[in-house]
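Source file: input_26.cif (mmCIF, C-alpha atoms and all ligand atoms)
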data_structure
loop_
_atom_site.group_PDB
_atom_site.id
_atom_site.type_symbol
_atom_site.label_atom_id
_atom_site.label_comp_id
_atom_site.auth_asym_id
_atom_site.auth_seq_id
_atom_site.Cartn_x
_atom_site.Cartn_y
_atom_site.Cartn_z
ATOM 1 C CA MET I 1 -23.135 -5.056 38.199
ATOM 2 C CA THR I 2 -23.868 -8.003 35.979
ATOM 3 C CA THR I 3 -26.591 -6.081 34.198
ATOM 4 C CA ARG I 4 -24.262 -3.202 33.442
ATOM 5 C CA ARG I 5 -21.637 -5.522 32.043
ATOM 6 C CA THR I 6 -24.188 -7.184 29.782
ATOM 7 C CA VAL I 7 -25.229 -3.812 28.407
ATOM 8 C CA LEU I 8 -21.624 -2.902 27.611
ATOM 9 C CA LEU I 9 -21.058 -6.230 25.881
ATOM 10 C CA SER I 10 -24.141 -5.860 23.737
ATOM 11 C CA LEU I 11 -22.941 -2.409 22.680
ATOM 12 C CA ALA I 12 -19.519 -3.751 21.763
ATOM 13 C CA MET I 13 -20.808 -6.656 19.692
ATOM 14 C CA PRO I 14 -22.115 -4.773 16.618
ATOM 15 C CA LEU I 15 -18.816 -2.896 16.343
ATOM 16 C CA ALA I 16 -16.802 -6.104 16.416
ATOM 17 C CA ALA I 17 -19.047 -7.587 13.762
ATOM 18 C CA LEU I 18 -18.173 -4.742 11.376
ATOM 19 C CA VAL I 19 -14.435 -5.373 11.412
ATOM 20 C CA PRO I 20 -14.137 -8.419 9.100
ATOM 21 C CA ALA I 21 -16.110 -6.746 6.291
ATOM 22 C CA GLU I 22 -13.961 -3.624 6.417
ATOM 23 C CA ALA I 23 -10.667 -5.477 6.704
ATOM 24 C CA ALA I 24 -10.748 -6.117 2.953
ATOM 25 C CA SER I 25 -10.625 -2.442 1.920
ATOM 26 C CA PRO I 26 -7.181 -1.239 0.757
ATOM 27 C CA LEU I 27 -7.192 1.646 3.223
ATOM 28 C CA LYS I 28 -7.722 -0.694 6.182
ATOM 29 C CA ARG I 29 -4.910 -2.967 5.025
ATOM 30 C CA LEU I 30 -2.484 -0.085 4.511
ATOM 31 C CA ASP I 31 -3.242 1.884 7.650
ATOM 32 C CA PRO I 32 -1.697 0.143 10.681
ATOM 33 C CA ASP I 33 -1.960 3.294 12.854
ATOM 34 C CA LYS I 34 -5.658 3.506 11.920
ATOM 35 C CA ASP I 35 -5.766 7.270 11.454
ATOM 36 C CA GLY I 36 -7.890 6.832 8.333
ATOM 37 C CA THR I 37 -5.174 7.802 5.873
ATOM 38 C CA VAL I 38 -2.094 6.254 4.290
ATOM 39 C CA ASP I 39 1.137 8.204 4.719
ATOM 40 C CA LEU I 40 4.321 7.642 2.738
ATOM 41 C CA ASN I 41 5.884 5.446 5.441
ATOM 42 C CA GLU I 42 2.866 3.152 5.475
ATOM 43 C CA ALA I 43 2.894 3.014 1.668
ATOM 44 C CA LYS I 44 6.598 2.159 1.613
ATOM 45 C CA ALA I 45 6.222 -0.523 4.289
ATOM 46 C CA ALA I 46 3.491 -2.211 2.244
ATOM 47 C CA ALA I 47 5.493 -1.781 -0.977
ATOM 48 C CA SER I 48 8.544 -3.329 0.631
ATOM 49 C CA ALA I 49 6.540 -6.394 1.700
ATOM 50 C CA LEU I 50 5.061 -6.733 -1.796
ATOM 51 C CA PHE I 51 8.518 -6.368 -3.355
ATOM 52 C CA ASP I 52 9.754 -9.343 -1.305
ATOM 53 C CA LYS I 53 6.704 -11.365 -2.314
ATOM 54 C CA LEU I 54 7.149 -10.587 -6.028
ATOM 55 C CA ASP I 55 10.868 -11.376 -5.971
ATOM 56 C CA ARG I 56 10.376 -15.042 -6.756
ATOM 57 C CA ASP I 57 14.043 -15.838 -7.377
ATOM 58 C CA HIS I 58 15.112 -13.878 -4.266
ATOM 59 C CA ASP I 59 17.894 -12.025 -6.054
ATOM 60 C CA GLY I 60 16.874 -8.719 -4.460
ATOM 61 C CA THR I 61 15.609 -7.229 -7.711
ATOM 62 C CA LEU I 62 12.444 -7.348 -9.794
ATOM 63 C CA ASP I 63 12.606 -7.854 -13.552
ATOM 64 C CA ALA I 64 9.715 -7.072 -15.903
ATOM 65 C CA LYS I 65 8.414 -10.632 -15.575
ATOM 66 C CA GLU I 66 8.320 -10.510 -11.790
ATOM 67 C CA LEU I 67 6.579 -7.108 -11.900
ATOM 68 C CA ARG I 68 3.780 -8.666 -13.964
ATOM 69 C CA GLY I 69 2.496 -5.474 -15.555
ATOM 70 C CA ARG I 70 2.583 -3.351 -12.414
ATOM 71 C CA VAL I 71 4.990 -0.925 -14.074
ATOM 72 C CA ASN I 72 4.737 0.132 -17.733
ATOM 73 C CA ALA I 73 7.783 0.240 -20.016
ATOM 74 C CA LYS I 74 8.161 4.013 -19.843
ATOM 75 C CA GLU I 75 8.001 4.078 -16.053
ATOM 76 C CA PHE I 76 10.316 1.106 -15.865
ATOM 77 C CA ALA I 77 12.943 2.925 -17.936
ATOM 78 C CA ALA I 78 12.579 6.082 -15.848
ATOM 79 C CA ALA I 79 12.730 4.139 -12.582
ATOM 80 C CA ASN I 80 15.770 2.173 -13.668
ATOM 81 C CA PRO I 81 18.516 4.745 -14.234
ATOM 82 C CA ASP I 82 21.280 2.114 -14.261
ATOM 83 C CA LYS I 83 19.455 0.320 -17.123
ATOM 84 C CA ASP I 84 20.245 -3.186 -15.898
ATOM 85 C CA GLY I 85 16.752 -4.464 -16.736
ATOM 86 C CA THR I 86 15.711 -4.866 -13.108
ATOM 87 C CA LEU I 87 14.476 -2.695 -10.253
ATOM 88 C CA ASP I 88 16.142 -3.056 -6.890
ATOM 89 C CA LYS I 89 14.197 -2.165 -3.771
ATOM 90 C CA SER I 90 15.368 1.439 -3.590
ATOM 91 C CA GLU I 91 14.411 1.999 -7.241
ATOM 92 C CA TYR I 92 11.042 0.380 -6.557
ATOM 93 C CA LEU I 93 10.427 2.540 -3.482
ATOM 94 C CA ALA I 94 11.409 5.671 -5.440
ATOM 95 C CA LEU I 95 8.692 4.770 -7.934
ATOM 96 C CA VAL I 96 6.245 4.254 -5.062
ATOM 97 C CA GLU I 97 7.089 7.735 -3.794
ATOM 98 C CA LEU I 98 6.506 9.180 -7.270
ATOM 99 C CA ARG I 99 3.093 7.565 -7.549
ATOM 100 C CA PHE I 100 2.295 8.574 -3.976
ATOM 101 C CA ARG I 101 2.920 12.257 -4.786
ATOM 102 C CA ALA I 102 0.808 11.941 -7.943
ATOM 103 C CA ALA I 103 -2.044 10.500 -5.869
ATOM 104 C CA ASP I 104 -1.870 13.324 -3.308
ATOM 105 C CA PRO I 105 -3.174 16.409 -5.144
ATOM 106 C CA ASP I 106 -3.845 18.342 -1.912
ATOM 107 C CA ASN I 107 -0.218 17.732 -0.948
ATOM 108 C CA ASP I 108 -0.933 17.041 2.715
ATOM 109 C CA GLY I 109 1.377 14.019 2.725
ATOM 110 C CA THR I 110 -1.399 11.521 3.311
ATOM 111 C CA LEU I 111 -3.868 9.674 1.118
ATOM 112 C CA ASP I 112 -7.467 9.378 2.243
ATOM 113 C CA ALA I 113 -9.998 6.881 0.875
ATOM 114 C CA LYS I 114 -11.021 9.261 -1.913
ATOM 115 C CA GLU I 115 -7.445 9.860 -3.068
ATOM 116 C CA LEU I 116 -6.783 6.098 -3.010
ATOM 117 C CA ALA I 117 -9.833 5.527 -5.220
ATOM 118 C CA SER I 118 -8.620 8.014 -7.883
ATOM 119 C CA PRO I 119 -6.801 6.698 -10.999
ATOM 120 C CA ALA I 120 -3.476 7.825 -9.529
ATOM 121 C CA GLY I 121 -4.377 6.186 -6.223
ATOM 122 C CA LYS I 122 -5.207 2.933 -7.983
ATOM 123 C CA ALA I 123 -1.883 3.058 -9.826
ATOM 124 C CA LEU I 124 -0.144 3.412 -6.480
ATOM 125 C CA LEU I 125 -2.096 0.497 -4.981
ATOM 126 C CA LYS I 126 -0.723 -1.772 -7.717
ATOM 127 C CA LEU I 127 2.710 -1.308 -6.170
ATOM 128 C CA LEU I 128 1.486 -1.858 -2.617
ATOM 129 C CA LEU I 129 -0.923 -4.806 -2.558
HETATM 130 CA CA CA G 1 -2.135 5.954 8.674
HETATM 131 CA CA CA G 2 14.112 -11.222 -8.826
HETATM 132 CA CA CA G 3 -3.903 13.993 0.532
#
Kindly transcribe the structure held in the file into structure tokens.
Amino acid sequence: MTTRRTVLLSLAMPLAALVPAEAASPLKRLDPDKDGTVDLNEAKAAASALFDKLDRDHDGTLDAKELRGRVNAKEFAAANPDKDGTLDKSEYLALVELRFRAADPDNDGTLDAKELASPAGKALLKLLL
């Protein structure tokens, strides 16, 4: 019995050793259900956490300064229909959804590693991490 257990442990070890190296990739950080893709809910959950982190003055909105270049002026204007100079969370998440769709050319509702690495995918990641 002891021998068998030792064999199982030695098989498990190399797998465990891989985890820290992979934890840094954006896909791993954005994929809590570990299905290998990022869906819109996962993207929005990450975006919501980032929004709270960026909102330094905790007024529930992000101004251009708090966004620190994550959104260009044209997108900012389009994402901010009430033109108050700030994005609230629902405006921010609408922009995330827009970029998500742009990054999903095969329209399957999920982003795989390749889609995340595309220019549109990288633009989306700026709003998530
Ligand atoms: Ca997933
Ligand atoms: Ca703010
Ligand atoms: Ca896709």
What's the 8 Å shell around Leu124 (chain I), counting only C-alpha atoms, without same-chain residues fewer than 3 positions away, as a list in words?
->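 Once the adjacent positions are removed, what remains is Val96, Arg99, Phe100, Ala103, Leu116, Ala120, Gly121, Leu127 and Leu128 of chain I.
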Name each residue within 7 Å of ligand CA 2 (chain G), counting all atoms listed in the file, as number ranges by chain.
-> I: 55-63, 66
Residue selection dump (C-alpha atoms) as a CSV table (one decimal), in the frame of the given file:
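Output (again28.csv):
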chain,number,residue,atom,x,y,z
I,55,ASP,CA,10.9,-11.4,-6.0
I,56,ARG,CA,10.4,-15.0,-6.8
I,57,ASP,CA,14.0,-15.8,-7.4
I,58,HIS,CA,15.1,-13.9,-4.3
I,59,ASP,CA,17.9,-12.0,-6.1
I,60,GLY,CA,16.9,-8.7,-4.5
I,61,THR,CA,15.6,-7.2,-7.7
I,62,LEU,CA,12.4,-7.3,-9.8
I,63,ASP,CA,12.6,-7.9,-13.6
I,66,GLU,CA,8.3,-10.5,-11.8
What residues have any atom no more than 8 Å from ligand CA 3 (chain G) when counting all atoms listed in the file, and can you list them as a VMD selection string?
-> chain I and resid 103 to 112 115
Mind writing the picked residues with C-alpha atoms as a PDB file, in the coordinates of the input?
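Saved as part.pdb:
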ATOM      1  CA  ALA I 103      -2.044  10.500  -5.869  1.00  0.00           C
ATOM      2  CA  ASP I 104      -1.870  13.324  -3.308  1.00  0.00           C
ATOM      3  CA  PRO I 105      -3.174  16.409  -5.144  1.00  0.00           C
ATOM      4  CA  ASP I 106      -3.845  18.342  -1.912  1.00  0.00           C
ATOM      5  CA  ASN I 107      -0.218  17.732  -0.948  1.00  0.00           C
ATOM      6  CA  ASP I 108      -0.933  17.041   2.715  1.00  0.00           C
ATOM      7  CA  GLY I 109       1.377  14.019   2.725  1.00  0.00           C
ATOM      8  CA  THR I 110      -1.399  11.521   3.311  1.00  0.00           C
ATOM      9  CA  LEU I 111      -3.868   9.674   1.118  1.00  0.00           C
ATOM     10  CA  ASP I 112      -7.467   9.378   2.243  1.00  0.00           C
ATOM     11  CA  GLU I 115      -7.445   9.860  -3.068  1.00  0.00           C
TER      12      GLU I 115
END
So, counting only C-alpha atoms, which residue among I:Glu91, I:Glu97, I:Asp39, I:Asp31 is closest to Phe76 (chain I)?
->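 Answer, going by the shortest atom-to-atom distance: I:Glu91.
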For the file shown, report as a PyMOL selection string the outcome of the PyMOL selection byres (((not hetatm)) within 7 of (chain G and resi 1)) at residue level.
-> chain I and resi 31-39+42
With distances taken over only C-alpha atoms, which of I:Lys53, I:Arg70, I:Lys65, I:Lys83 is nearest to Leu125 (chain I)?
-> I:Arg70
Please measure the separation of CA of Leu30 (chain I) and CA of Ala123 (chain I), giving the value in Å to one decimal.
-> 14.7 Å
CA of Leu40 (chain I) and CA of Asp84 (chain I), how far apart in Å?
-> 26.8 Å
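Coordinates place CA of Val71 (chain I) at a distance of 9.7 Å from CA of Tyr92 (chain I).
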